[in-house]
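File shown: final-v3.txt. Contents: compact mmCIF, C-alpha atoms.
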```
# COMPACT_ATOMS: atom_id res chain seq x y z
CA MET A 1 28.89 24.58 -22.76
CA SER A 2 26.33 23.19 -25.19
CA GLY A 3 25.70 20.10 -27.22
CA GLY A 4 28.02 17.73 -25.35
CA ASP A 5 27.95 15.15 -22.57
CA LYS A 6 28.28 17.86 -19.93
CA LEU A 7 26.22 21.04 -19.64
CA ASP A 8 26.50 24.05 -17.38
CA PHE A 9 23.18 24.67 -15.63
CA GLU A 10 22.00 28.21 -15.01
CA ILE A 11 20.33 28.39 -11.58
CA ARG A 12 17.38 30.74 -11.37
CA PRO A 13 15.84 30.37 -7.88
CA ASN A 14 12.08 30.70 -7.65
CA PRO A 15 11.46 34.26 -6.40
CA ARG A 16 8.19 33.20 -4.75
CA PRO A 17 8.70 29.71 -3.27
CA VAL A 18 6.00 28.05 -1.21
CA SER A 19 6.33 28.99 2.46
CA ALA A 20 7.56 26.40 4.95
CA ALA A 21 4.16 26.28 6.63
CA GLU A 22 2.28 25.81 3.36
CA ARG A 23 4.78 23.18 2.22
CA ALA A 24 4.30 21.22 5.45
CA ALA A 25 0.52 21.35 5.02
CA LEU A 26 0.75 20.13 1.42
CA MET A 27 3.11 17.30 2.36
CA ALA A 28 0.99 16.07 5.26
CA ASN A 29 -1.16 14.07 2.85
CA PRO A 30 0.21 14.57 -0.69
CA GLY A 31 -1.42 11.59 -2.39
CA PHE A 32 0.34 10.74 -5.64
CA GLY A 33 1.20 13.26 -8.35
CA ARG A 34 -0.95 16.13 -7.09
CA VAL A 35 1.55 18.29 -5.19
CA PHE A 36 4.60 19.79 -6.94
CA THR A 37 7.82 21.45 -5.85
CA ASP A 38 9.03 25.00 -6.46
CA HIS A 39 11.40 24.36 -9.36
CA MET A 40 11.86 22.47 -12.62
CA VAL A 41 14.75 21.76 -14.98
CA THR A 42 14.57 22.65 -18.67
CA ILE A 43 17.04 21.86 -21.45
CA ARG A 44 16.55 22.58 -25.13
CA TYR A 45 17.68 20.74 -28.24
CA ALA A 46 17.99 21.90 -31.84
CA GLU A 47 19.15 19.91 -34.85
CA GLY A 48 22.70 20.95 -35.71
CA LYS A 49 23.19 22.64 -32.32
CA GLY A 50 22.62 19.85 -29.84
CA TRP A 51 21.57 20.27 -26.24
CA TYR A 52 21.78 23.78 -24.81
CA ASP A 53 20.26 26.32 -22.39
CA ALA A 54 20.15 24.06 -19.32
CA ARG A 55 18.32 25.74 -16.46
CA VAL A 56 16.88 25.25 -13.01
CA GLU A 57 14.00 27.69 -12.79
CA ALA A 58 10.66 28.31 -11.14
CA ARG A 59 8.13 25.62 -11.97
CA GLY A 60 5.44 27.09 -14.21
CA PRO A 61 3.49 26.81 -17.46
CA ILE A 62 5.36 25.99 -20.66
CA PRO A 63 4.40 28.36 -23.50
CA MET A 64 3.28 26.31 -26.50
CA ASP A 65 2.22 27.16 -30.01
CA PRO A 66 -0.92 25.37 -31.28
CA ALA A 67 1.21 23.80 -34.03
CA THR A 68 3.78 22.34 -31.61
CA ALA A 69 4.72 18.97 -33.09
CA ALA A 70 4.11 16.89 -29.95
CA LEU A 71 0.45 17.91 -29.92
CA HIS A 72 -0.08 16.43 -33.37
CA TYR A 73 2.37 13.57 -33.77
CA ALA A 74 2.91 12.41 -30.16
CA GLN A 75 6.70 12.50 -30.05
CA GLU A 76 6.94 12.34 -26.27
CA ILE A 77 8.73 10.12 -23.76
CA PHE A 78 9.17 10.15 -20.01
CA GLU A 79 10.74 8.42 -17.02
CA GLY A 80 9.81 7.98 -13.38
CA LEU A 81 12.13 7.56 -10.41
CA LYS A 82 12.29 8.61 -6.78
CA ALA A 83 14.54 10.48 -4.38
CA TYR A 84 14.56 8.94 -0.90
CA HIS A 85 15.26 10.33 2.54
CA ALA A 86 18.03 7.96 3.59
CA ALA A 87 18.61 6.41 6.99
CA ASP A 88 21.65 8.65 7.60
CA GLY A 89 19.73 11.82 6.77
CA GLY A 90 21.08 12.07 3.24
CA VAL A 91 19.29 11.70 -0.09
CA THR A 92 19.50 8.71 -2.41
CA LEU A 93 18.39 7.78 -5.92
CA PHE A 94 17.90 4.16 -6.96
CA ARG A 95 19.58 3.11 -10.21
CA PRO A 96 19.22 6.48 -12.01
CA GLU A 97 21.75 5.30 -14.61
CA ALA A 98 19.24 2.63 -15.66
CA ASN A 99 16.56 5.29 -16.10
CA ALA A 100 18.97 7.36 -18.18
CA GLU A 101 19.71 4.41 -20.46
CA ARG A 102 16.03 3.50 -20.83
CA PHE A 103 15.31 7.14 -21.69
CA ILE A 104 17.80 6.81 -24.55
CA GLU A 105 16.13 3.61 -25.78
CA SER A 106 12.70 5.24 -25.67
CA ALA A 107 14.07 8.23 -27.59
CA ARG A 108 15.56 5.95 -30.24
CA ARG A 109 12.22 4.19 -30.77
CA MET A 110 10.39 7.51 -31.07
CA ALA A 111 12.96 9.03 -33.46
CA MET A 112 14.08 11.59 -30.87
CA PRO A 113 17.60 12.75 -29.92
CA ALA A 114 19.44 10.94 -27.14
CA LEU A 115 20.07 12.93 -23.98
CA PRO A 116 23.53 12.03 -22.61
CA PRO A 117 23.22 9.96 -19.40
CA GLN A 118 25.40 12.34 -17.39
CA VAL A 119 23.21 15.29 -18.37
CA PHE A 120 20.12 13.30 -17.32
CA ILE A 121 21.64 12.57 -13.90
CA ASP A 122 22.98 16.11 -13.46
CA ALA A 123 19.47 17.43 -14.10
CA LEU A 124 18.13 15.24 -11.29
CA HIS A 125 20.86 16.39 -8.92
CA HIS A 126 20.21 20.05 -9.59
CA LEU A 127 16.47 19.73 -9.05
CA ILE A 128 16.94 17.77 -5.82
CA GLU A 129 19.41 20.36 -4.54
CA ALA A 130 16.93 23.15 -5.31
CA ASP A 131 13.94 21.38 -3.74
CA ARG A 132 15.47 19.19 -1.04
CA GLU A 133 13.02 20.50 1.58
CA TRP A 134 10.23 18.82 -0.41
CA ILE A 135 11.56 15.29 0.20
CA PRO A 136 9.25 13.51 2.67
CA THR A 137 10.89 11.93 5.71
CA ALA A 138 8.09 9.44 6.46
CA ASP A 139 8.73 5.79 5.54
CA ASP A 140 5.92 5.77 2.97
CA GLY A 141 6.93 9.10 1.43
CA THR A 142 9.32 9.89 -1.43
CA LEU A 143 10.02 12.63 -3.93
CA TYR A 144 8.82 11.37 -7.29
CA LEU A 145 10.89 12.70 -10.20
CA ARG A 146 9.39 12.96 -13.68
CA PRO A 147 11.88 13.61 -16.50
CA PHE A 148 10.19 13.97 -19.87
CA MET A 149 10.90 15.19 -23.38
CA PHE A 150 8.67 16.28 -26.22
CA ALA A 151 8.92 17.63 -29.76
CA SER A 152 8.74 21.42 -29.40
CA GLU A 153 9.22 22.43 -33.04
CA VAL A 154 6.32 24.38 -34.54
CA PHE A 155 5.31 22.66 -37.76
CA LEU A 156 2.74 20.37 -39.37
CA GLY A 157 4.11 17.38 -41.23
CA VAL A 158 4.79 13.73 -40.55
CA ARG A 159 8.51 13.62 -39.81
CA PRO A 160 10.73 13.69 -36.72
CA ALA A 161 10.91 17.15 -35.23
CA ASN A 162 14.10 19.22 -35.25
CA GLU A 163 13.57 20.83 -31.83
CA TYR A 164 12.86 19.27 -28.41
CA LEU A 165 12.39 20.31 -24.81
CA PHE A 166 13.59 18.15 -21.90
CA VAL A 167 12.00 18.90 -18.52
CA VAL A 168 12.21 17.47 -15.01
CA ILE A 169 9.51 18.16 -12.43
CA ALA A 170 9.15 16.72 -8.93
CA SER A 171 6.27 15.73 -6.69
CA PRO A 172 6.31 14.62 -3.03
CA VAL A 173 4.19 11.47 -2.87
CA GLY A 174 2.81 8.84 -0.55
CA SER A 175 1.64 5.36 -1.54
CA TYR A 176 0.63 4.85 -5.18
CA PHE A 177 -2.48 2.88 -4.25
CA THR A 178 -4.98 4.41 -1.83
CA GLY A 179 -4.73 2.82 1.60
CA GLY A 180 -1.04 1.95 1.40
CA VAL A 181 0.43 -1.50 0.84
CA LYS A 182 -2.35 -4.06 0.64
CA PRO A 183 -3.49 -6.61 -1.94
CA VAL A 184 -5.13 -5.02 -4.98
CA ASN A 185 -7.72 -6.39 -7.37
CA VAL A 186 -7.01 -6.48 -11.10
CA TRP A 187 -9.25 -6.65 -14.16
CA VAL A 188 -8.21 -8.78 -17.14
CA SER A 189 -9.23 -6.80 -20.19
CA PRO A 190 -11.18 -8.83 -22.77
CA ASN A 191 -11.34 -6.07 -25.38
CA TYR A 192 -8.15 -4.03 -25.31
CA THR A 193 -4.45 -4.70 -25.73
CA ARG A 194 -1.50 -2.52 -24.70
CA ALA A 195 1.07 -3.16 -27.42
CA ALA A 196 1.77 -5.39 -30.43
CA PRO A 197 5.03 -6.81 -31.79
CA GLY A 198 6.90 -4.10 -33.64
CA GLY A 199 5.06 -1.37 -31.76
CA THR A 200 6.11 0.91 -28.93
CA GLY A 201 5.50 -1.41 -25.99
CA ALA A 202 9.12 -1.32 -24.82
CA ALA A 203 9.27 2.49 -24.99
CA LYS A 204 8.09 4.65 -22.11
CA CYS A 205 5.99 6.96 -24.22
CA GLY A 206 2.76 8.68 -23.36
CA GLY A 207 0.83 7.00 -26.15
CA ASN A 208 1.13 3.61 -24.48
CA TYR A 209 -0.54 4.98 -21.38
CA ALA A 210 -3.18 6.92 -23.29
CA SER A 211 -4.28 3.73 -25.03
CA SER A 212 -4.57 1.97 -21.67
CA LEU A 213 -6.93 4.49 -20.09
CA VAL A 214 -10.18 3.13 -21.51
CA ALA A 215 -9.25 -0.33 -20.20
CA GLN A 216 -8.29 1.18 -16.84
CA ALA A 217 -11.68 2.88 -16.69
CA GLU A 218 -13.25 -0.52 -17.37
CA ALA A 219 -11.23 -1.94 -14.46
CA ILE A 220 -12.49 0.75 -12.12
CA GLU A 221 -16.08 0.01 -13.19
CA HIS A 222 -15.48 -3.55 -11.96
CA ASP A 223 -14.07 -2.31 -8.65
CA CYS A 224 -10.48 -3.12 -9.59
CA ASP A 225 -7.35 -1.08 -9.00
CA GLN A 226 -5.50 -1.95 -12.21
CA VAL A 227 -6.00 -3.54 -15.61
CA VAL A 228 -4.05 -6.56 -16.88
CA PHE A 229 -3.39 -6.80 -20.61
CA LEU A 230 -3.09 -10.00 -22.62
CA ASP A 231 -0.89 -10.30 -25.69
CA ALA A 232 -2.14 -8.64 -28.86
CA VAL A 233 -1.60 -11.63 -31.17
CA GLU A 234 -3.30 -14.58 -29.46
CA ARG A 235 -5.11 -12.79 -26.61
CA THR A 236 -3.85 -15.64 -24.43
CA TYR A 237 -0.69 -14.67 -22.57
CA VAL A 238 -0.26 -12.12 -19.80
CA ASP A 239 1.79 -9.08 -20.84
CA GLU A 240 1.72 -6.55 -18.01
CA LEU A 241 -0.54 -4.22 -16.06
CA GLY A 242 -1.47 -0.74 -17.21
CA GLY A 243 1.56 0.71 -15.47
CA MET A 244 3.48 -2.17 -13.91
CA ASN A 245 5.18 -5.49 -14.58
CA ILE A 246 3.88 -8.71 -13.04
CA PHE A 247 5.39 -11.72 -11.23
CA PHE A 248 3.95 -15.13 -10.34
CA VAL A 249 5.24 -17.09 -7.31
CA TYR A 250 4.69 -20.87 -7.23
CA ASP A 251 4.56 -23.39 -4.40
CA ASP A 252 8.19 -24.42 -4.87
CA GLY A 253 9.36 -20.80 -4.51
CA THR A 254 9.92 -20.27 -8.23
CA LEU A 255 9.26 -16.80 -9.60
CA VAL A 256 7.96 -16.44 -13.15
CA THR A 257 7.52 -13.25 -15.15
CA PRO A 258 6.65 -12.68 -18.83
CA PRO A 259 9.72 -12.27 -21.06
CA LEU A 260 10.78 -9.01 -22.68
CA THR A 261 9.81 -9.54 -26.30
CA GLY A 262 9.33 -5.90 -27.29
CA THR A 263 5.73 -5.53 -26.12
CA ILE A 264 6.54 -5.13 -22.42
CA LEU A 265 8.29 -2.20 -20.75
CA PRO A 266 11.66 -3.33 -19.33
CA GLY A 267 10.99 -2.21 -15.78
CA ILE A 268 13.92 -1.24 -13.57
CA THR A 269 12.08 -2.58 -10.52
CA ARG A 270 11.40 -5.76 -12.51
CA ASP A 271 15.12 -6.19 -13.22
CA SER A 272 15.94 -5.50 -9.56
CA VAL A 273 13.47 -8.15 -8.41
CA LEU A 274 14.99 -10.71 -10.78
CA THR A 275 18.44 -10.02 -9.32
CA LEU A 276 17.38 -10.02 -5.66
CA ALA A 277 15.35 -13.22 -6.03
CA ARG A 278 18.27 -15.05 -7.62
CA GLU A 279 20.51 -13.87 -4.80
CA GLU A 280 18.10 -15.53 -2.38
CA GLY A 281 18.68 -18.77 -4.23
CA ARG A 282 15.27 -18.79 -5.87
CA THR A 283 14.62 -20.12 -9.34
CA VAL A 284 13.58 -17.26 -11.60
CA VAL A 285 12.10 -17.94 -15.03
CA GLU A 286 11.15 -15.53 -17.79
CA ARG A 287 8.49 -17.30 -19.86
CA PRO A 288 4.97 -16.72 -21.18
CA VAL A 289 2.14 -17.28 -18.70
CA SER A 290 -1.33 -17.85 -20.13
CA PHE A 291 -4.38 -16.46 -18.39
CA ALA A 292 -5.86 -19.98 -18.41
CA ASP A 293 -2.83 -21.29 -16.51
CA TRP A 294 -2.98 -18.38 -14.08
CA GLN A 295 -6.57 -19.27 -13.24
CA ALA A 296 -5.95 -23.03 -13.05
CA ASP A 297 -2.81 -22.71 -10.92
CA ALA A 298 -4.57 -20.36 -8.51
CA ALA A 299 -7.43 -22.87 -8.15
CA SER A 300 -5.11 -25.81 -7.53
CA GLY A 301 -2.97 -23.95 -5.00
CA LYS A 302 0.14 -24.31 -7.13
CA LEU A 303 0.24 -20.53 -7.50
CA ARG A 304 0.87 -18.96 -4.08
CA GLU A 305 1.52 -15.28 -4.74
CA VAL A 306 1.25 -12.72 -7.54
CA PHE A 307 2.60 -9.20 -7.39
CA ALA A 308 2.92 -6.09 -9.51
CA CYS A 309 6.10 -4.04 -9.50
CA GLY A 310 7.20 -0.63 -10.72
CA THR A 311 8.78 2.60 -9.57
CA ALA A 312 5.52 4.09 -8.33
CA ALA A 313 4.01 0.94 -6.80
CA VAL A 314 7.35 -0.64 -5.71
CA ILE A 315 6.07 -4.19 -5.07
CA THR A 316 2.32 -4.55 -4.57
CA PRO A 317 0.54 -7.89 -3.94
CA ILE A 318 -2.35 -8.89 -6.19
CA GLY A 319 -5.14 -10.50 -4.22
CA GLY A 320 -8.08 -10.83 -6.59
CA VAL A 321 -8.51 -11.26 -10.34
CA ARG A 322 -11.71 -10.37 -12.17
CA PHE A 323 -12.74 -10.97 -15.77
CA PRO A 324 -16.02 -11.04 -17.72
CA ASP A 325 -16.82 -14.66 -16.81
CA GLY A 326 -15.95 -14.55 -13.13
CA GLU A 327 -13.23 -13.96 -10.58
CA PHE A 328 -10.73 -15.77 -8.38
CA THR A 329 -8.32 -15.02 -5.56
CA ILE A 330 -4.64 -15.74 -5.10
CA ALA A 331 -4.16 -18.02 -2.08
CA ASP A 332 -6.06 -16.28 0.74
CA GLY A 333 -5.81 -12.86 -0.84
CA ASN A 334 -3.18 -11.64 1.64
CA PRO A 335 0.42 -10.57 0.98
CA GLY A 336 2.71 -13.59 0.72
CA GLU A 337 6.03 -14.11 2.47
CA ILE A 338 8.11 -13.87 -0.71
CA THR A 339 6.30 -10.76 -1.94
CA SER A 340 6.67 -9.04 1.44
CA GLY A 341 10.31 -10.07 1.79
CA LEU A 342 11.33 -8.81 -1.64
CA ARG A 343 9.50 -5.54 -1.06
CA GLN A 344 11.30 -4.99 2.23
CA ARG A 345 14.69 -5.77 0.70
CA LEU A 346 14.03 -3.32 -2.10
CA VAL A 347 12.84 -0.54 0.22
CA ASP A 348 15.85 -1.04 2.53
CA LEU A 349 18.19 -0.73 -0.44
CA GLN A 350 16.47 2.36 -1.79
CA ARG A 351 16.69 4.14 1.54
CA GLY A 352 20.30 3.17 2.26
CA ARG A 353 19.43 0.73 5.06
CA ALA A 354 21.09 -2.31 3.48
CA ASP A 355 24.45 -3.21 1.95
CA ASP A 356 24.49 -2.12 -1.68
CA THR A 357 26.57 -4.83 -3.33
CA HIS A 358 25.42 -3.82 -6.84
CA ASN A 359 26.15 -0.09 -6.55
CA TRP A 360 22.50 0.58 -7.29
CA VAL A 361 22.11 3.38 -4.74
CA HIS A 362 23.20 6.79 -5.99
CA ARG A 363 23.90 9.24 -3.19
CA VAL A 364 22.91 12.80 -3.98
CA SER A 365 24.04 14.15 -0.60
```
Could you spell out this file's structure in structure tokens?
Amino acid sequence: MSGGDKLDFEIRPNPRPVSAAERAALMANPGFGRVFTDHMVTIRYAEGKGWYDARVEARGPIPMDPATAALHYAQEIFEGLKAYHAADGGVTLFRPEANAERFIESARRMAMPALPPQVFIDALHHLIEADREWIPTADDGTLYLRPFMFASEVFLGVRPANEYLFVVIASPVGSYFTGGVKPVNVWVSPNYTRAAPGGTGAAKCGGNYASSLVAQAEAIEHDCDQVVFLDAVERTYVDELGGMNIFFVYDDGTLVTPPLTGTILPGITRDSVLTLAREEGRTVVERPVSFADWQADAASGKLREVFACGTAAVITPIGGVRFPDGEFTIADGNPGEITSGLRQRLVDLQRGRADDTHNWVHRVS
């Protein structure tokens, strides 16, 4: 079948897969995004034909003409989600339907065709089935899945492309931040912004991350793990980190996070945290938070915890904040009770160790 909501996948097993011994050695300390599995999924799209030629095949280079549209006009989007080794020995995905829907929204913003959600999820299933032996069993290990799509038409001209390639690759990973779960330091960028109203801030496109790299390099120069961006209009309010959303926890247990106004990526972990916190009976508020208030509330003790959240980082406490005129810490710089509790609830859900009242956990096998 081609062009519809359901595609038949041709399975082409890798004729030279990594040996079991080599795979075990690679997975002993995979880091993040440096080790890759044996297979990938590819699906093609052509205007007037739709989606077609769905395959699971050996992971390898993608032939590309120098005039491929994505290289010149940056029509590219991606997603990130994880496959987990579940408590019962099976494999789970966490809210893949939400990733599929966000992929559609990103495609719409970048003038790209929408991949049907069922095809997106089927692609994940097929890759996991082909590379199940690559899923780490350790508590801090997961199989990171990277679906992406780019304009593959060969042409020069400023218009949406007529041909696209959708790909899924997979990477066994450990903790996103070196050293595991511990408070990280962040740098508040004085010179750079991530996204402006009317821009692509709510789309998960490569350009947003490319524009953040110079600020991230600045953060590393100041011995920080991540950069924090302020809004592009007033340079006053906290937007998000280079690759994560942010939450503030106050002394009365209230959680506050910046609202989704089009400049912030609507994180699936962010949405999950909002839901879980409300279930705990906590007050959750989506409102602007100025950097000045962040600093003042940390100094007064009103602000007790701050954490970043995202698929890769899960929930990571922020301990120190640095900026050109100084620095400050959040409470004593250690993980707070609410941050730790929400992280544990999320991890237990993802790995099938807790009751899934929201039907968030998708069982692959």
Problem set entry | Distance query Pro61 of chain A at most 12 Å, only C-alpha atoms, self and fewer than 4 positions along chain excluded, as a PyMOL selection string | chain A and resi 39-40+42+57+167+169
For this session: Please provide the set of residues having any atom within 9 Å of Glu153 of chain A, restricted to only C-alpha atoms, with same-chain residues fewer than 6 positions apart removed, written as a ChimeraX atom specification.
Result: /A:46,65,67-70,161-164
Exercise. If we count all atoms listed in the file, what is near Ser106 of chain A at a cut-off of 9 Å, once residues fewer than 4 positions away on the same chain are taken out, given as a PyMOL selection string?
Worked result: chain A and resi 77-78+101-102+110-112+114+200+202-205
For this session: Just give me the residues with any atom within 10 Å of (-2.8, 0.2, -20.2), file coordinates, counting all atoms listed in the file, written as a list of chain:residue names.
Result: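 Within 10 Å of (-2.8, 0.2, -20.2), the protein and nucleic acid residues are A:Ser189, A:Tyr192, A:Thr193, A:Arg194, A:Ala195, A:Gly207, A:Asn208, A:Tyr209, A:Ala210, A:Ser211, A:Ser212, A:Leu213, A:Val214, A:Ala215, A:Gln216, A:Ala217, A:Gln226, A:Val227, A:Val228, A:Phe229, A:Glu240, A:Leu241, A:Gly242, A:Gly243, A:Met244.
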Exercise. Which of these residues is nearest to Ser152 of chain A, using all atoms listed in the file: A:Pro66, A:Gly80, A:Pro17, A:Gly89?
Worked result: A:Pro66
Problem set entry | Close residues, Ile11 of chain A itself excluded, 9 Å, all atoms listed in the file, min 6 positions apart in chain, as an MDAnalysis selection string | chainID A and resid 54:57 126 130
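Atom CA of Arg270 of chain A to atom CA of Gly310 of chain A spans 6.9 Å [interatomic distance, one decimal].
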Identify, on the basis of all atoms listed in the file, every residue whose closest approach to segment 322-329 of chain A does not exceed 9 Å; exclude the query and any residue fewer than 3 positions from it along the same chain; express the result as a short mmCIF file (atom, residue, chain, number, x, y, z; two decimals) with C-alpha atoms, in the frame of the given file.
```
data_model
loop_
_atom_site.label_atom_id
_atom_site.label_comp_id
_atom_site.auth_asym_id
_atom_site.auth_seq_id
_atom_site.Cartn_x
_atom_site.Cartn_y
_atom_site.Cartn_z
CA ASN A 185 -7.72 -6.39 -7.37
CA VAL A 186 -7.01 -6.48 -11.10
CA TRP A 187 -9.25 -6.65 -14.16
CA VAL A 188 -8.21 -8.78 -17.14
CA SER A 189 -9.23 -6.80 -20.19
CA PRO A 190 -11.18 -8.83 -22.77
CA ALA A 219 -11.23 -1.94 -14.46
CA HIS A 222 -15.48 -3.55 -11.96
CA CYS A 224 -10.48 -3.12 -9.59
CA GLN A 295 -6.57 -19.27 -13.24
CA ALA A 298 -4.57 -20.36 -8.51
CA ALA A 299 -7.43 -22.87 -8.15
CA ILE A 318 -2.35 -8.89 -6.19
CA GLY A 319 -5.14 -10.50 -4.22
CA ASP A 332 -6.06 -16.28 0.74
CA GLY A 333 -5.81 -12.86 -0.84
#
```
Exercise. Could you state the separation of atom CA of Gly48 of chain A and atom CA of Gln75 of chain A in Å, given to one decimal place?
Worked result: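 Rounded to one decimal, the two atoms are 19.0 Å apart.
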Exercise. Can you tell me, as a list in words, which residues sit within 10 Å of (22.8, 11.2, -19.7) in the file's frame, using only C-alpha atoms?
Worked result: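 The distance filter leaves exactly Asp5, Lys6, Pro96, Glu97, Asn99, Ala100, Glu101, Phe103, Ile104, Ala114, Leu115, Pro116, Pro117, Gln118, Val119, Phe120, Ile121, Asp122 and Ala123 of chain A.
You will find atom CA of Trp134 of chain A at 20.8 Å from atom CA of Phe9 of chain A.
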Exercise. With distances taken over all atoms listed in the file, which of A:Ile135, A:Val91, A:Leu346, A:Leu143 is nearest to Ile268 of chain A?
Worked result: A:Leu346
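Of the residues listed (A:Thr283, A:Ser19, A:Asn29, A:Asn245), A:Asn245 shows the shortest atom-to-atom separation from Pro317 of chain A; distances use all atoms listed in the file.
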